[in-house]
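Q: Sharing a structure here in structure tokens format.
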Amino acid sequence: MEQGQEFLMFGLSWARIHFVENEGMAFGLSLGGAYGKLILSVFRIIAVGFLFFLLYKMIKGGENKGVIIAFSMILAGALGNIIDSAFYGMIFSSSPYHGGLAKLFPEEGGYAPFLMGKVVDMLYFPFFKTDLPNWVPFWGGQDFEFFRPVFNIADSSIFCGICLFFIFYKKMDKKVEGV
């Protein structure tokens, strides 16, 4: 697919596969430049190492299964985004926006070195679009789209893991108080 290209899932106008490359963090935010990308990548690796350590301690300590599943989902999503960022730029040529396809394993090499690639986002669910009334503070009179972000399965895993963690947090909290 070309960057920006999309197609409907199951014929639904609100469920789409929409190909974009994300520079760094959620919502396309970045720390800026090559050093920012490197700092983000190193931070992700350290965070995943810490999550592996926490997960190991939880499993060894007989923690609530819901909390273990939640942390496993967060860890899997973070690892997926790291792998994408680490290798995607090495194996694909640059993807121009609306104007061509990236090449897999180009002769001249990929567009970015190890840990400096982009993350592919593709899930897009614009449930509805509307114009906000002028009386709405800050955003009145502007276009509004719910749900605007484009994300990937790794992002979904992180989000669902965080939600599960909060669901099972009360049980974990009681266990800590009882110690």
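Residue names in the structure tokens use chain letters A, B, ... in the order shown, residue numbers from 1 in each chain, and ligand numbers from 1 in the order shown.
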Find the residues near Phe114 in chain A: any atom within 10 Å, counting only C-alpha atoms, skip ones fewer than 2 places away on the same chain, and give them as a list in words.
A: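 Listed by chain and then number, they are Leu38, Ser41, Ile83, Ser85, Ala86, Phe87, Tyr88, Gly89, Met90, Ile91, Gly110, Ala112, Met116 and Gly117 of chain A.
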Q: Applying 6 Å and only C-alpha atoms, which residues near Arg16 in chain A remain after dropping the ones on its own chain fewer than 6 positions away? List them as a ChimeraX atom specification.
A: /A:7-9,124
Q: Could those residues be written to a file, using C-alpha atoms, as a PDB file, in the first residue's frame?
A:
ATOM      1  CA  PHE A   7      -9.670   0.526   2.226  1.00  0.00           C
ATOM      2  CA  LEU A   8     -12.806  -0.368   4.150  1.00  0.00           C
ATOM      3  CA  MET A   9     -12.903  -3.385   6.443  1.00  0.00           C
ATOM      4  CA  TYR A 124      -8.508   3.591  11.704  1.00  0.00           C
TER       5      TYR A 124
END
Q: Have a look at A:Ser156, A:Val42, A:Glu145, A:Met73 and name the one nearest to Leu55 in chain A; count only C-alpha atoms.
A: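 Closest to Leu55 in chain A of all the choices is A:Met73.
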Q: Quick one: pull the distance between CA of Ile69 in chain A and CA of Gly161 in chain A, Å, one decimal.
A: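 These atoms are spaced 7.4 Å apart.
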Q: So that I can check the secondary structure, give me every residue of range 7-166 of chain A assigned strand (DSSP E or B) by backbone DSSP, as a ChimeraX atom specification.
A: /A:7-9,12-22,92,97,104,119-124,128-131,143-146,150-151
Q: Show which residues sit within 10 Å of Glu2 in chain A, as a list in words. Count only C-alpha atoms, and ignore same-chain residues fewer than 4 positions away.
A: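 The residues that qualify are Glu6, His18, Phe19, Val20, Ser95, Pro96, Tyr97, His98, Gly99, Gly100, Leu101 and Ala102 of chain A.
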Q: Once you have the residues from the selection above, write them out as a PDB file, in the first residue's frame, restricted to N, CA and C atoms.
A:
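After the write, part-v5.pdb holds the following:
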ATOM      1  N   GLU A   6      -6.043   3.746   1.825  1.00  0.00           N
ATOM      2  CA  GLU A   6      -6.896   3.026   2.756  1.00  0.00           C
ATOM      3  C   GLU A   6      -7.954   2.230   2.016  1.00  0.00           C
ATOM      4  N   HIS A  18      -5.767   1.902   7.065  1.00  0.00           N
ATOM      5  CA  HIS A  18      -5.232   3.167   6.558  1.00  0.00           C
ATOM      6  C   HIS A  18      -3.733   3.170   6.848  1.00  0.00           C
ATOM      7  N   PHE A  19      -2.924   3.066   5.810  1.00  0.00           N
ATOM      8  CA  PHE A  19      -1.474   2.919   5.977  1.00  0.00           C
ATOM      9  C   PHE A  19      -0.781   4.252   6.225  1.00  0.00           C
ATOM     10  N   VAL A  20      -0.162   4.388   7.400  1.00  0.00           N
ATOM     11  CA  VAL A  20       0.690   5.533   7.726  1.00  0.00           C
ATOM     12  C   VAL A  20       1.920   5.026   8.463  1.00  0.00           C
ATOM     13  N   SER A  95       8.905   5.365   2.063  1.00  0.00           N
ATOM     14  CA  SER A  95       7.543   5.320   1.514  1.00  0.00           C
ATOM     15  C   SER A  95       7.068   6.738   1.266  1.00  0.00           C
ATOM     16  N   PRO A  96       7.077   7.167   0.012  1.00  0.00           N
ATOM     17  CA  PRO A  96       6.569   8.519  -0.248  1.00  0.00           C
ATOM     18  C   PRO A  96       5.075   8.587   0.011  1.00  0.00           C
ATOM     19  N   TYR A  97       4.604   9.729   0.483  1.00  0.00           N
ATOM     20  CA  TYR A  97       3.179   9.889   0.778  1.00  0.00           C
ATOM     21  C   TYR A  97       2.422  10.106  -0.520  1.00  0.00           C
ATOM     22  N   HIS A  98       1.507   9.220  -0.849  1.00  0.00           N
ATOM     23  CA  HIS A  98       0.707   9.265  -2.087  1.00  0.00           C
ATOM     24  C   HIS A  98       1.603   9.427  -3.307  1.00  0.00           C
ATOM     25  N   GLY A  99       2.422   8.474  -3.575  1.00  0.00           N
ATOM     26  CA  GLY A  99       3.239   8.638  -4.763  1.00  0.00           C
ATOM     27  C   GLY A  99       4.170   7.475  -5.016  1.00  0.00           C
ATOM     28  N   GLY A 100       3.923   6.344  -4.456  1.00  0.00           N
ATOM     29  CA  GLY A 100       4.776   5.202  -4.724  1.00  0.00           C
ATOM     30  C   GLY A 100       4.814   4.231  -3.565  1.00  0.00           C
ATOM     31  N   LEU A 101       5.298   3.067  -3.894  1.00  0.00           N
ATOM     32  CA  LEU A 101       5.399   2.003  -2.906  1.00  0.00           C
ATOM     33  C   LEU A 101       6.834   1.870  -2.417  1.00  0.00           C
ATOM     34  N   ALA A 102       6.981   1.497  -1.172  1.00  0.00           N
ATOM     35  CA  ALA A 102       8.302   1.177  -0.644  1.00  0.00           C
ATOM     36  C   ALA A 102       8.737  -0.165  -1.231  1.00  0.00           C
TER      37      ALA A 102
END
Q: For Gly77 in chain A, which of A:Met1, A:Ile39, A:Ala47, A:Met58 is the closest residue, counting only C-alpha atoms?
A: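 Nearest to Gly77 in chain A: A:Ala47.
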Q: Looking at A:Gly11, A:Pro126, A:Gly49, A:Gly66, which one is nearest to Phe166 in chain A, with distances taken over only C-alpha atoms?
A: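 For Phe166 in chain A, the nearest of the given residues is A:Gly66.
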Q: Which residue is closest to Ile153 in chain A? Choose from A:Ile17, A:Leu12, A:Leu40, A:Ile46 and count only C-alpha atoms.
A: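 Smallest distance to Ile153 in chain A is found for A:Ile17.
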